[in-house]
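Visitor: The following file, work-v7.txt, comprises compact mmCIF, C-alpha atoms and all ligand atoms:
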```txt
# COMPACT_ATOMS: atom_id res chain seq x y z
CA MET A 1 -22.67 19.52 -11.98
CA GLU A 2 -19.45 17.79 -10.94
CA LYS A 3 -16.96 16.70 -13.62
CA ILE A 4 -14.59 13.93 -12.58
CA LEU A 5 -11.07 13.44 -13.92
CA LEU A 6 -9.05 10.35 -13.03
CA LEU A 7 -5.31 10.76 -13.58
CA ALA A 8 -3.05 7.74 -14.08
CA HIS A 9 0.55 7.12 -15.09
CA LEU A 10 2.06 3.91 -16.43
CA ASP A 11 3.98 1.44 -14.27
CA GLU A 12 7.70 0.59 -14.59
CA SER A 13 7.01 -1.69 -17.56
CA GLY A 14 6.14 1.49 -19.48
CA SER A 15 2.96 0.03 -20.96
CA ALA A 16 0.56 -1.15 -18.21
CA LEU A 17 -1.36 0.68 -15.52
CA PRO A 18 -0.24 0.14 -11.92
CA ARG A 19 -2.68 -1.81 -9.73
CA ALA A 20 -3.33 1.36 -7.72
CA ALA A 21 -4.57 3.09 -10.88
CA ARG A 22 -7.02 0.26 -11.63
CA GLU A 23 -8.31 0.50 -8.04
CA ALA A 24 -8.71 4.27 -8.45
CA LEU A 25 -10.58 3.67 -11.71
CA ALA A 26 -13.04 1.43 -9.85
CA ALA A 27 -13.56 4.17 -7.25
CA ALA A 28 -13.93 6.85 -9.94
CA LEU A 29 -16.58 4.83 -11.80
CA GLU A 30 -18.59 4.32 -8.60
CA LEU A 31 -18.43 8.02 -7.75
CA SER A 32 -19.28 9.00 -11.31
CA SER A 33 -22.43 6.90 -11.16
CA ALA A 34 -23.36 8.04 -7.62
CA LEU A 35 -23.03 11.72 -8.61
CA ALA A 36 -24.29 11.27 -12.18
CA ALA A 37 -21.11 13.11 -13.15
CA PRO A 38 -19.17 12.46 -16.39
CA LEU A 39 -15.79 10.72 -16.00
CA THR A 40 -12.69 11.49 -18.03
CA VAL A 41 -9.42 9.56 -17.68
CA GLY A 42 -6.10 11.37 -18.19
CA LEU A 43 -3.13 9.11 -18.98
CA ILE A 44 0.52 10.15 -18.68
CA GLY A 45 3.42 8.20 -20.19
CA GLU A 46 5.63 7.65 -23.20
CA ASN A 47 3.15 5.46 -25.07
CA VAL A 48 -0.25 4.94 -23.45
CA GLU A 49 -1.89 2.86 -26.19
CA ALA A 50 -1.89 -0.49 -24.37
CA ALA A 51 -3.06 1.07 -21.10
CA ALA A 52 -5.85 2.95 -22.88
CA ASN A 53 -6.93 -0.22 -24.72
CA SER A 54 -7.13 -2.06 -21.40
CA MET A 55 -9.65 0.43 -19.98
CA VAL A 56 -11.96 0.95 -22.94
CA GLY A 57 -14.73 -1.03 -21.25
CA CYS A 58 -15.09 1.56 -18.49
CA GLY A 59 -16.75 3.90 -20.98
CA ALA A 60 -14.86 7.01 -19.89
CA LYS A 61 -13.43 9.56 -22.31
CA ILE A 62 -9.64 9.13 -22.47
CA LEU A 63 -7.16 12.02 -22.72
CA ALA A 64 -3.40 11.54 -22.81
CA THR A 65 -0.16 13.48 -22.65
CA THR A 66 2.63 11.42 -24.13
CA GLY A 67 6.32 11.72 -24.86
CA ALA A 68 9.67 10.17 -24.02
CA GLU A 69 10.20 12.62 -21.13
CA LEU A 70 7.03 11.33 -19.47
CA SER A 71 8.39 7.79 -19.22
CA GLN A 72 10.28 8.88 -16.12
CA PRO A 73 8.86 10.27 -12.89
CA ARG A 74 10.06 13.86 -12.66
CA TYR A 75 8.33 16.70 -10.81
CA ALA A 76 8.68 19.33 -13.56
CA THR A 77 7.41 17.18 -16.44
CA ASP A 78 4.70 15.39 -14.43
CA SER A 79 3.26 18.65 -13.07
CA ALA A 80 3.23 20.16 -16.58
CA ALA A 81 1.42 17.07 -17.93
CA ILE A 82 -1.14 17.11 -15.08
CA GLU A 83 -1.75 20.83 -15.59
CA ALA A 84 -2.28 20.39 -19.35
CA ILE A 85 -4.78 17.55 -18.86
CA CYS A 86 -6.65 19.43 -16.13
CA ARG A 87 -6.91 22.60 -18.23
CA LYS A 88 -8.31 20.52 -21.08
CA ALA A 89 -10.79 18.48 -19.00
CA GLU A 90 -11.78 21.31 -16.61
CA PRO A 91 -12.74 18.89 -13.81
CA THR A 92 -14.26 19.85 -10.48
CA LEU A 93 -12.94 16.61 -8.90
CA VAL A 94 -9.50 15.19 -9.69
CA LEU A 95 -8.89 11.64 -8.47
CA ALA A 96 -5.47 9.98 -8.60
CA PRO A 97 -3.88 6.86 -7.09
CA ALA A 98 -1.42 7.65 -4.28
CA THR A 99 1.59 6.13 -6.03
CA SER A 100 4.96 7.57 -4.96
CA ARG A 101 5.14 9.33 -8.35
CA PHE A 102 1.80 11.11 -7.91
CA ALA A 103 2.16 11.68 -4.15
CA ARG A 104 5.26 13.75 -4.91
CA VAL A 105 3.72 16.00 -7.52
CA MET A 106 -0.05 16.23 -6.89
CA GLY A 107 0.09 18.81 -4.06
CA GLY A 108 2.08 21.18 -6.29
CA ALA A 109 -0.23 20.55 -9.25
CA ALA A 110 -3.30 21.33 -7.12
CA GLN A 111 -1.66 24.59 -6.04
CA LEU A 112 -0.81 25.45 -9.64
CA LEU A 113 -4.45 25.00 -10.65
CA GLY A 114 -5.85 26.94 -7.69
CA GLY A 115 -7.35 23.77 -6.22
CA HIS A 116 -7.37 22.02 -2.85
CA ILE A 117 -6.01 18.58 -2.13
CA ASP A 118 -6.70 15.83 0.42
CA THR A 119 -4.52 12.75 0.66
CA HIS A 120 -4.78 9.22 2.10
CA ILE A 121 -8.39 8.88 0.97
CA THR A 122 -9.70 5.38 1.65
CA ALA A 123 -13.31 5.67 0.44
CA LEU A 124 -15.49 7.91 -1.70
CA ALA A 125 -19.25 8.36 -1.59
CA ALA A 126 -21.97 10.80 -2.54
CA ALA A 127 -24.61 12.37 -0.29
CA ASP A 128 -27.10 15.07 -1.26
CA GLY A 129 -25.43 15.30 -4.67
CA ALA A 130 -22.02 16.15 -3.19
CA PRO A 131 -18.89 14.03 -2.91
CA ARG A 132 -17.68 12.73 0.46
CA ALA A 133 -14.13 11.49 1.03
CA THR A 134 -13.07 9.29 3.94
CA ARG A 135 -9.64 9.21 5.57
CA TRP A 136 -8.11 8.17 8.86
CA PHE A 137 -6.39 10.41 11.39
CA TYR A 138 -4.34 9.89 14.53
CA ARG A 139 -2.53 6.75 13.44
CA GLN A 140 -5.61 5.16 11.95
CA ARG A 141 -7.71 5.51 15.12
CA VAL A 142 -10.17 8.21 14.03
CA GLU A 143 -12.06 7.98 10.74
CA ALA A 144 -13.32 11.23 9.23
CA VAL A 145 -15.62 11.99 6.31
CA LEU A 146 -14.58 15.17 4.49
CA THR A 147 -16.56 17.56 2.30
CA ARG A 148 -15.27 20.67 0.54
CA THR A 149 -16.87 23.41 -1.49
CA ALA A 150 -13.54 24.47 -3.07
CA ARG A 151 -12.97 23.23 -6.63
CA PRO A 152 -11.04 21.67 -8.24
CA TRP A 153 -10.80 19.23 -5.35
CA PHE A 154 -7.87 16.83 -5.73
CA LEU A 155 -8.12 13.49 -3.94
CA LEU A 156 -5.21 11.05 -3.68
CA LEU A 157 -6.60 7.54 -3.14
CA ASP A 158 -4.65 5.13 -0.94
CA PRO A 159 -3.81 1.85 -2.70
CA GLY A 160 -5.17 -1.40 -1.30
CA THR A 161 -8.52 0.04 -0.29
CA ARG A 162 -10.73 -1.48 -2.99
CA ALA A 163 -10.81 -4.11 -5.71
CA GLN A 164 -9.25 -3.10 -9.01
CA TRP A 165 -11.26 -2.54 -12.19
CA ASP A 166 -10.77 -5.01 -15.02
CA GLY A 167 -12.39 -5.22 -18.42
CA PRO A 168 -11.91 -6.46 -21.97
CA VAL A 169 -9.07 -5.08 -24.12
CA CYS A 170 -10.25 -3.23 -27.24
CA THR A 171 -8.91 -0.43 -29.41
CA ALA A 172 -9.37 2.85 -27.59
CA SER A 173 -9.94 6.27 -29.00
CA VAL A 174 -7.56 8.60 -27.22
CA GLU A 175 -7.48 12.39 -27.48
CA ASN A 176 -3.95 13.73 -27.25
CA VAL A 177 -3.36 16.81 -25.14
CA THR A 178 -0.30 18.76 -26.18
CA VAL A 179 1.98 19.93 -23.43
CA THR A 180 4.98 22.21 -23.52
CA LEU A 181 7.46 20.60 -21.20
CA PRO A 182 9.94 22.77 -19.32
CA PRO A 183 13.69 22.22 -19.76
CA THR A 184 14.76 19.32 -17.54
CA ARG A 185 17.87 18.81 -15.45
CA THR A 186 16.98 15.46 -13.87
CA GLN A 187 17.65 12.29 -15.82
CA VAL A 188 16.99 8.80 -14.42
CA THR A 189 20.00 6.80 -15.59
CA CYS A 190 19.13 3.49 -13.94
CA ILE A 191 17.17 1.99 -11.08
CA ARG A 192 19.06 0.27 -8.31
CA ALA A 193 16.80 -1.80 -6.07
CA PRO A 194 17.33 -4.83 -3.84
CA LYS A 195 16.55 -8.16 -5.47
CA GLN A 196 12.98 -9.36 -4.87
CA ASP A 197 14.23 -11.95 -2.36
CA GLU A 198 16.10 -9.31 -0.33
CA GLN A 199 13.19 -6.87 -0.31
CA THR A 200 11.11 -7.84 2.72
CA ILE A 201 8.43 -5.12 2.50
CA ARG A 202 6.07 -6.15 -0.29
CA PRO A 203 2.93 -3.99 -0.35
CA ASP A 204 1.27 -6.19 -3.00
CA ALA A 205 1.74 -9.48 -1.08
CA LYS A 206 -1.36 -11.47 -0.17
CA LEU A 207 0.00 -12.14 3.32
CA LEU A 208 1.60 -9.99 6.01
CA PHE A 209 3.88 -12.08 8.24
CA VAL A 210 4.49 -10.33 11.56
CA ALA A 211 7.46 -11.41 13.67
CA GLY A 212 7.53 -10.50 17.36
CA ALA A 213 10.29 -10.37 19.94
CA GLY A 214 9.59 -13.97 20.99
CA TRP A 215 11.78 -15.10 18.07
CA THR A 216 14.85 -13.79 19.92
CA LYS A 217 13.80 -14.79 23.47
CA LYS A 218 15.07 -17.80 25.43
CA GLN A 219 13.21 -20.90 24.36
CA ALA A 220 12.23 -24.08 26.24
CA ASP A 221 15.87 -25.27 26.36
CA GLY A 222 16.95 -22.02 28.08
CA GLN A 223 18.84 -20.83 24.98
CA VAL A 224 18.15 -18.20 22.33
CA HIS A 225 18.01 -19.42 18.72
CA VAL A 226 18.38 -16.27 16.65
CA ALA A 227 20.20 -18.00 13.77
CA ASP A 228 17.36 -20.54 13.48
CA ALA A 229 14.80 -17.72 13.66
CA GLU A 230 16.57 -15.87 10.84
CA GLN A 231 16.67 -18.93 8.64
CA LEU A 232 13.03 -19.85 9.34
CA ILE A 233 11.64 -16.34 8.77
CA LEU A 234 13.63 -15.73 5.58
CA GLY A 235 12.73 -19.22 4.36
CA PHE A 236 9.06 -18.49 4.96
CA LEU A 237 9.22 -15.13 3.16
CA LYS A 238 10.97 -16.70 0.19
CA GLY A 239 8.61 -19.66 0.00
CA SER A 240 5.38 -17.74 0.50
CA GLY A 241 6.12 -14.31 -1.03
CA ALA A 242 4.74 -12.69 2.16
CA SER A 243 5.60 -9.18 3.30
CA LEU A 244 7.47 -8.88 6.59
CA GLY A 245 6.16 -6.83 9.51
CA SER A 246 7.63 -6.64 12.97
CA SER A 247 6.75 -5.59 16.49
CA LYS A 248 8.53 -2.57 17.92
CA SER A 249 10.30 -4.67 20.52
CA LEU A 250 11.96 -6.76 17.84
CA VAL A 251 13.13 -3.90 15.62
CA ASP A 252 14.34 -1.90 18.63
CA GLN A 253 16.79 -4.67 19.48
CA THR A 254 18.95 -3.72 16.48
CA GLY A 255 19.46 -0.22 17.86
CA GLU A 256 20.12 -1.44 21.42
CA GLY A 257 22.95 -3.74 20.31
CA GLN A 258 21.15 -6.92 21.42
CA THR A 259 21.17 -10.14 19.47
CA ALA A 260 18.89 -9.16 16.63
CA LEU A 261 17.64 -10.22 13.24
CA PRO A 262 19.86 -8.33 10.76
CA PHE A 263 17.25 -8.01 7.99
CA MET A 264 14.78 -6.24 10.31
CA SER A 265 14.61 -2.45 10.25
CA HIS A 266 12.25 0.16 11.65
CA LEU A 267 10.60 0.24 8.22
CA ASN A 268 9.20 -3.21 9.03
CA GLN A 269 7.53 -2.06 12.24
CA VAL A 270 3.74 -2.20 12.34
CA GLY A 271 1.57 -0.54 14.97
CA GLN A 272 0.79 2.77 16.57
CA THR A 273 4.26 4.17 15.87
CA GLY A 274 4.76 1.97 12.81
CA ALA A 275 2.89 1.19 9.63
CA THR A 276 -0.67 -0.04 9.11
CA PRO A 277 -0.28 -1.99 5.86
CA ARG A 278 -3.16 -3.45 3.89
CA HIS A 279 -3.07 -7.14 2.99
CA PRO A 280 -5.84 -9.74 2.58
CA LYS A 281 -4.32 -12.01 5.26
CA GLY A 282 -1.98 -11.75 8.25
CA LEU A 283 -0.01 -14.25 10.31
CA SER A 284 1.53 -13.04 13.55
CA THR A 285 4.19 -15.13 15.26
CA CYS A 286 5.82 -14.73 18.69
CA CYS A 287 4.06 -11.41 19.11
CA HIS A 288 2.14 -10.26 22.16
CA GLY A 289 1.91 -6.45 21.84
CA GLU A 290 -1.28 -4.40 21.81
CA GLU A 291 -0.06 -1.91 19.19
CA PRO A 292 0.84 -4.42 16.47
CA HIS A 293 -2.38 -6.40 16.96
CA VAL A 294 -4.82 -3.55 17.46
CA VAL A 295 -3.41 -0.78 15.25
CA GLY A 296 -0.85 -2.47 12.97
CA TRP A 297 -3.33 -5.11 11.86
CA ARG A 298 -6.25 -2.76 11.47
CA PHE A 299 -6.54 -3.27 7.70
CA ILE A 300 -5.69 -6.97 7.54
CA GLY A 301 -8.63 -9.00 6.25
CA GLU A 302 -8.12 -12.39 7.93
CA ARG A 303 -5.77 -12.66 10.90
CA ARG A 304 -4.11 -15.66 12.48
CA ALA A 305 -1.53 -15.84 15.26
CA VAL A 306 0.93 -18.39 16.60
CA ASN A 307 1.83 -17.94 20.27
CA LEU A 308 3.05 -20.27 23.00
CA ASP A 309 0.89 -18.39 25.47
CA ALA A 310 -2.78 -19.43 25.32
CA ASN A 311 -3.61 -16.38 27.45
CA CYS A 312 -1.95 -13.84 25.15
CA GLY A 313 -4.80 -11.34 25.35
CA TRP A 314 -4.15 -9.42 22.15
CA ALA A 315 -3.57 -12.49 20.00
CA ARG A 316 -6.77 -14.02 21.42
CA GLY A 317 -8.77 -10.84 21.17
CA LYS A 318 -7.68 -9.67 17.74
CA ALA A 319 -6.82 -12.78 15.73
CA ASP A 320 -9.55 -14.80 14.02
CA VAL A 321 -7.59 -17.97 14.79
CA LEU A 322 -4.95 -18.44 17.50
CA TYR A 323 -2.65 -21.47 17.24
CA VAL A 324 -1.21 -22.18 20.68
CA ALA A 325 2.06 -23.62 19.45
CA ASP A 326 5.80 -23.13 19.12
CA ALA A 327 6.36 -20.83 16.12
CA PHE A 328 9.78 -22.43 15.48
CA GLN A 329 8.09 -25.79 14.91
CA VAL A 330 5.11 -24.37 13.01
CA VAL A 331 7.15 -22.27 10.57
CA LYS A 332 9.62 -25.13 10.03
CA ALA A 333 6.74 -27.45 9.07
CA VAL A 334 5.12 -24.79 6.87
CA ASN A 335 8.43 -24.13 5.08
CA GLU A 336 8.75 -27.85 4.34
CA LEU A 337 5.24 -27.81 2.85
CA LEU A 338 6.06 -24.71 0.80
CA ALA A 339 9.20 -26.40 -0.53
CA THR A 340 7.24 -29.43 -1.74
CA ARG A 341 4.02 -27.74 -2.86
CA GLY A 342 5.32 -24.36 -4.08
CA LYS A 343 3.96 -20.88 -3.41
CA PRO A 344 0.26 -20.71 -2.47
C1 LIG B 401 3.80 4.96 22.88
C2 LIG B 401 4.04 3.53 22.48
C3 LIG B 401 3.98 3.20 21.15
C4 LIG B 401 4.22 1.88 20.73
N1 LIG B 401 4.13 1.59 19.43
C5 LIG B 401 4.30 0.31 19.02
C6 LIG B 401 4.17 -0.05 17.66
O1 LIG B 401 3.93 0.77 16.79
N2 LIG B 401 4.36 -1.35 17.31
C7 LIG B 401 4.68 -2.30 18.23
O2 LIG B 401 4.85 -3.47 17.85
N3 LIG B 401 4.82 -1.99 19.53
C8 LIG B 401 4.65 -0.70 19.95
N4 LIG B 401 4.81 -0.41 21.27
C9 LIG B 401 5.33 -1.45 22.17
C10 LIG B 401 4.25 -2.45 22.56
O3 LIG B 401 3.53 -1.92 23.66
C11 LIG B 401 4.86 -3.80 22.99
O4 LIG B 401 5.83 -3.59 23.97
C12 LIG B 401 5.51 -4.58 21.86
O5 LIG B 401 4.64 -4.62 20.73
C13 LIG B 401 5.79 -6.00 22.33
O6 LIG B 401 6.46 -6.69 21.30
P1 LIG B 401 6.34 -8.26 21.16
O7 LIG B 401 4.92 -8.65 21.25
O8 LIG B 401 7.09 -8.65 19.92
O9 LIG B 401 7.21 -8.82 22.39
P2 LIG B 401 6.78 -9.50 23.75
O10 LIG B 401 5.77 -8.67 24.47
O11 LIG B 401 8.06 -9.79 24.43
O12 LIG B 401 6.05 -10.85 23.32
C14 LIG B 401 6.75 -11.95 22.82
C15 LIG B 401 5.73 -13.05 22.60
O13 LIG B 401 6.38 -14.15 21.99
C16 LIG B 401 5.80 -15.35 22.46
N5 LIG B 401 6.74 -16.44 22.16
C17 LIG B 401 8.00 -16.62 22.64
N6 LIG B 401 8.55 -17.72 22.09
C18 LIG B 401 7.63 -18.24 21.26
C19 LIG B 401 7.60 -19.37 20.41
N7 LIG B 401 8.65 -20.21 20.31
N8 LIG B 401 6.48 -19.62 19.70
C20 LIG B 401 5.40 -18.79 19.78
N9 LIG B 401 5.37 -17.71 20.58
C21 LIG B 401 6.47 -17.43 21.30
C22 LIG B 401 5.57 -15.07 23.93
O14 LIG B 401 4.58 -15.94 24.44
C23 LIG B 401 5.12 -13.62 23.92
O15 LIG B 401 3.71 -13.54 23.83
C24 LIG B 401 4.57 0.89 21.70
C25 LIG B 401 4.65 1.26 23.04
C26 LIG B 401 4.38 2.55 23.42
C27 LIG B 401 4.50 2.89 24.87
```
Just dump the structure as structure tokens.
Ligand SMILES: Cc1cc2nc3c(=O)[nH]c(=O)nc-3n(C[C@H](O)[C@H](O)[C@H](O)COP(=O)(O)OP(=O)(O)OC[C@H]3O[C@@H](n4cnc5c(N)ncnc54)[C@H](O)[C@@H]3O)c2cc1C

Guide:
Amino acid sequence: MEKILLLAHLDESGSALPRAAREALAAALELSSALAAPLTVGLIGENVEAAANSMVGCGAKILATTGAELSQPRYATDSAAIEAICRKAEPTLVLAPATSRFARVMGGAAQLLGGHIDTHITALAAADGAPRATRWFYRQRVEAVLTRTARPWFLLLDPGTRAQWDGPVCTASVENVTVTLPPTRTQVTCIRAPKQDEQTIRPDAKLLFVAGAGWTKKQADGQVHVADAEQLILGFLKGSGASLGSSKSLVDQTGEGQTALPFMSHLNQVGQTGATPRHPKGLSTCCHGEEPHVVGWRFIGERRAVNLDANCGWARGKADVLYVADAFQVVKAVNELLATRGKP
């Protein structure tokens, strides 16, 4: 019989579970019921009490490794904690959210425990009493369903692929797993990150706003209006809290020394050679390309586009709603609404 272990660490607040962990918990519970396999949760952090209390309703047994050293992501301490929990729980399947902290350490931990690992898992299922894991290959164009006989089988679950688990908060009974941590050299002294307003890539945003090269092209008056475009796009991001995506043509302009939007980088690019982010909604503006619409938007739930060209084939073919309009005027009007009504 399979035995499932879900691993989770705390978020930056040091007390709550990250959203990705709650999504992974939902997936683990479904798999546990489909396989009739017991589920154990293994928590890692300085003090896991609040996180454990918030997941009591799931009914799983809760193990924890705790200590001040585990408040910080660090390969040596995280892999020791994962190993200790796995040796205690003796799982055949180890599920974990693909947070940057776990993505860094889980491959090594699987190796340490003689297991196998698969990453970027987007769905789990059971067939004939065995687990099946789904992931995409070739820039999200080919979807494969994987099986393995090797155990323990580690599976890193991509965030944003399912609804998160939520339940009532009660006092949890947690079994502590002692771990001997190795001597550490790495200390996190502080975190330096751009302010929320400056950070344009926001994986948790409800909306992905995609800007295309049209923003920097000559407009009806024969002039380019890059300064207006910059102000409108940044105003929209600030007012709506959306994440910013871009077509390749627009981000390439920075490298080619053309008039470009300074806050755009290749990290914003969506598409075949860019990212395929997951958001409930998407709004594409001034964007014609096949790759952003077909591949970049693959995991966007509801898609809308603003384009001057009523015959823009990709916007017509791939968006649920196409507004044939001037994006400068549309975004200006939307920003005014956002200023008076506040964030949606
Ligand atoms: C191997 C390969 C990989 C690629 N990978 C990617 C990728 O990952 N991502 C990607 O994006 N591209 C990729 N491309 C490039 C892609 O094929 C397109 O060239 C690119 O996406 C076009 O960018 P765009 O739509 O922003 O610009 P354009 O094609 O120039 O379109 C601009 C659009 O803006 C509209 N417009 C202009 N002014 C306004 C206005 N005021 N209001 C509303 N609309 C307006 C125009 O009507 C036009 O439709 C790849 C190409 C190749 C060959």

Visitor: List all protein, DNA and RNA residues that have at least one atom no more than 7 Å from any atom of ligand LIG 401 (chain B), counting only C-alpha atoms and all ligand atoms, and write them as a PyMOL selection string.

Guide: chain A and resi 211-215+217+219+246-250+269-274+285-292+296+306-309+312+325-328

Visitor: Could the residues in this selection be written to a file with C-alpha atoms, as a compact mmCIF listing (two decimals), keeping the file's coordinate frame?

Guide:
```txt
# COMPACT_ATOMS: atom_id res chain seq x y z
CA ALA A 211 7.46 -11.41 13.67
CA GLY A 212 7.53 -10.50 17.36
CA ALA A 213 10.29 -10.37 19.94
CA GLY A 214 9.59 -13.97 20.99
CA TRP A 215 11.78 -15.10 18.07
CA LYS A 217 13.80 -14.79 23.47
CA GLN A 219 13.21 -20.90 24.36
CA SER A 246 7.63 -6.64 12.97
CA SER A 247 6.75 -5.59 16.49
CA LYS A 248 8.53 -2.57 17.92
CA SER A 249 10.30 -4.67 20.52
CA LEU A 250 11.96 -6.76 17.84
CA GLN A 269 7.53 -2.06 12.24
CA VAL A 270 3.74 -2.20 12.34
CA GLY A 271 1.57 -0.54 14.97
CA GLN A 272 0.79 2.77 16.57
CA THR A 273 4.26 4.17 15.87
CA GLY A 274 4.76 1.97 12.81
CA THR A 285 4.19 -15.13 15.26
CA CYS A 286 5.82 -14.73 18.69
CA CYS A 287 4.06 -11.41 19.11
CA HIS A 288 2.14 -10.26 22.16
CA GLY A 289 1.91 -6.45 21.84
CA GLU A 290 -1.28 -4.40 21.81
CA GLU A 291 -0.06 -1.91 19.19
CA PRO A 292 0.84 -4.42 16.47
CA GLY A 296 -0.85 -2.47 12.97
CA VAL A 306 0.93 -18.39 16.60
CA ASN A 307 1.83 -17.94 20.27
CA LEU A 308 3.05 -20.27 23.00
CA ASP A 309 0.89 -18.39 25.47
CA CYS A 312 -1.95 -13.84 25.15
CA ALA A 325 2.06 -23.62 19.45
CA ASP A 326 5.80 -23.13 19.12
CA ALA A 327 6.36 -20.83 16.12
CA PHE A 328 9.78 -22.43 15.48
```

Visitor: I'd like the neighbourhood of Gln140 of chain A as a CSV table (one decimal) with C-alpha atoms, in the coordinates of the input, where a residue qualifies if any of its atoms comes within 8 Å (using all atoms listed in the file), though same-chain residues fewer than 3 positions away should be ignored.

Guide:
```csv
chain,number,residue,atom,x,y,z
A,136,TRP,CA,-8.1,8.2,8.9
A,137,PHE,CA,-6.4,10.4,11.4
A,143,GLU,CA,-12.1,8.0,10.7
A,276,THR,CA,-0.7,0.0,9.1
A,295,VAL,CA,-3.4,-0.8,15.2
A,298,ARG,CA,-6.2,-2.8,11.5
```

Visitor: Just checking: using only C-alpha atoms, which residue out of A:Val294, A:Leu157, A:Val334, A:Ala229 ends up closest to Gly317 of chain A?

Guide: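 Among the listed residues, A:Val294 lies closest to Gly317 of chain A.
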
Visitor: Given the point (-5.5, -17.3, 13.9) in the coordinates of this file, which residues lie within 9 Å, counting all atoms listed in the file, and how would they look as an mmCIF file with C-alpha atoms, keeping the file's coordinate frame?

Guide:
```cif
data_model
loop_
_atom_site.group_PDB
_atom_site.id
_atom_site.type_symbol
_atom_site.label_atom_id
_atom_site.label_comp_id
_atom_site.auth_asym_id
_atom_site.auth_seq_id
_atom_site.Cartn_x
_atom_site.Cartn_y
_atom_site.Cartn_z
ATOM 1 C CA GLY A 282 -1.980 -11.750 8.250
ATOM 2 C CA LEU A 283 -0.010 -14.250 10.310
ATOM 3 C CA SER A 284 1.530 -13.040 13.550
ATOM 4 C CA GLU A 302 -8.120 -12.390 7.930
ATOM 5 C CA ARG A 303 -5.770 -12.660 10.900
ATOM 6 C CA ARG A 304 -4.110 -15.660 12.480
ATOM 7 C CA ALA A 305 -1.530 -15.840 15.260
ATOM 8 C CA VAL A 306 0.930 -18.390 16.600
ATOM 9 C CA ALA A 315 -3.570 -12.490 20.000
ATOM 10 C CA ARG A 316 -6.770 -14.020 21.420
ATOM 11 C CA LYS A 318 -7.680 -9.670 17.740
ATOM 12 C CA ALA A 319 -6.820 -12.780 15.730
ATOM 13 C CA ASP A 320 -9.550 -14.800 14.020
ATOM 14 C CA VAL A 321 -7.590 -17.970 14.790
ATOM 15 C CA LEU A 322 -4.950 -18.440 17.500
ATOM 16 C CA TYR A 323 -2.650 -21.470 17.240
#
```

Visitor: Just how far from atom CA of Ser79 of chain A is atom CA of Pro182 of chain A, in Å to one decimal?

Guide: 10.0 Å

Visitor: Please return as a list in words every residue within 10 Å of (-3.5, 0.0, -16.7), taking into account all atoms listed in the file and the file's own coordinates.

Guide: Ala8, His9, Leu10, Asp11, Ser15, Ala16, Leu17, Pro18, Arg19, Ala20, Ala21, Arg22, Glu23, Leu25, Leu43, Val48, Ala50, Ala51, Ala52, Asn53, Ser54, Met55, Trp165 and Asp166 of chain A

Visitor: Would you mind telling me which residue in A:Glu2, A:Ala64, A:Gly342, A:Ser240 lies nearest to Ser173 of chain A when using only C-alpha atoms?

Guide: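 Among the listed residues, A:Ala64 lies closest to Ser173 of chain A.
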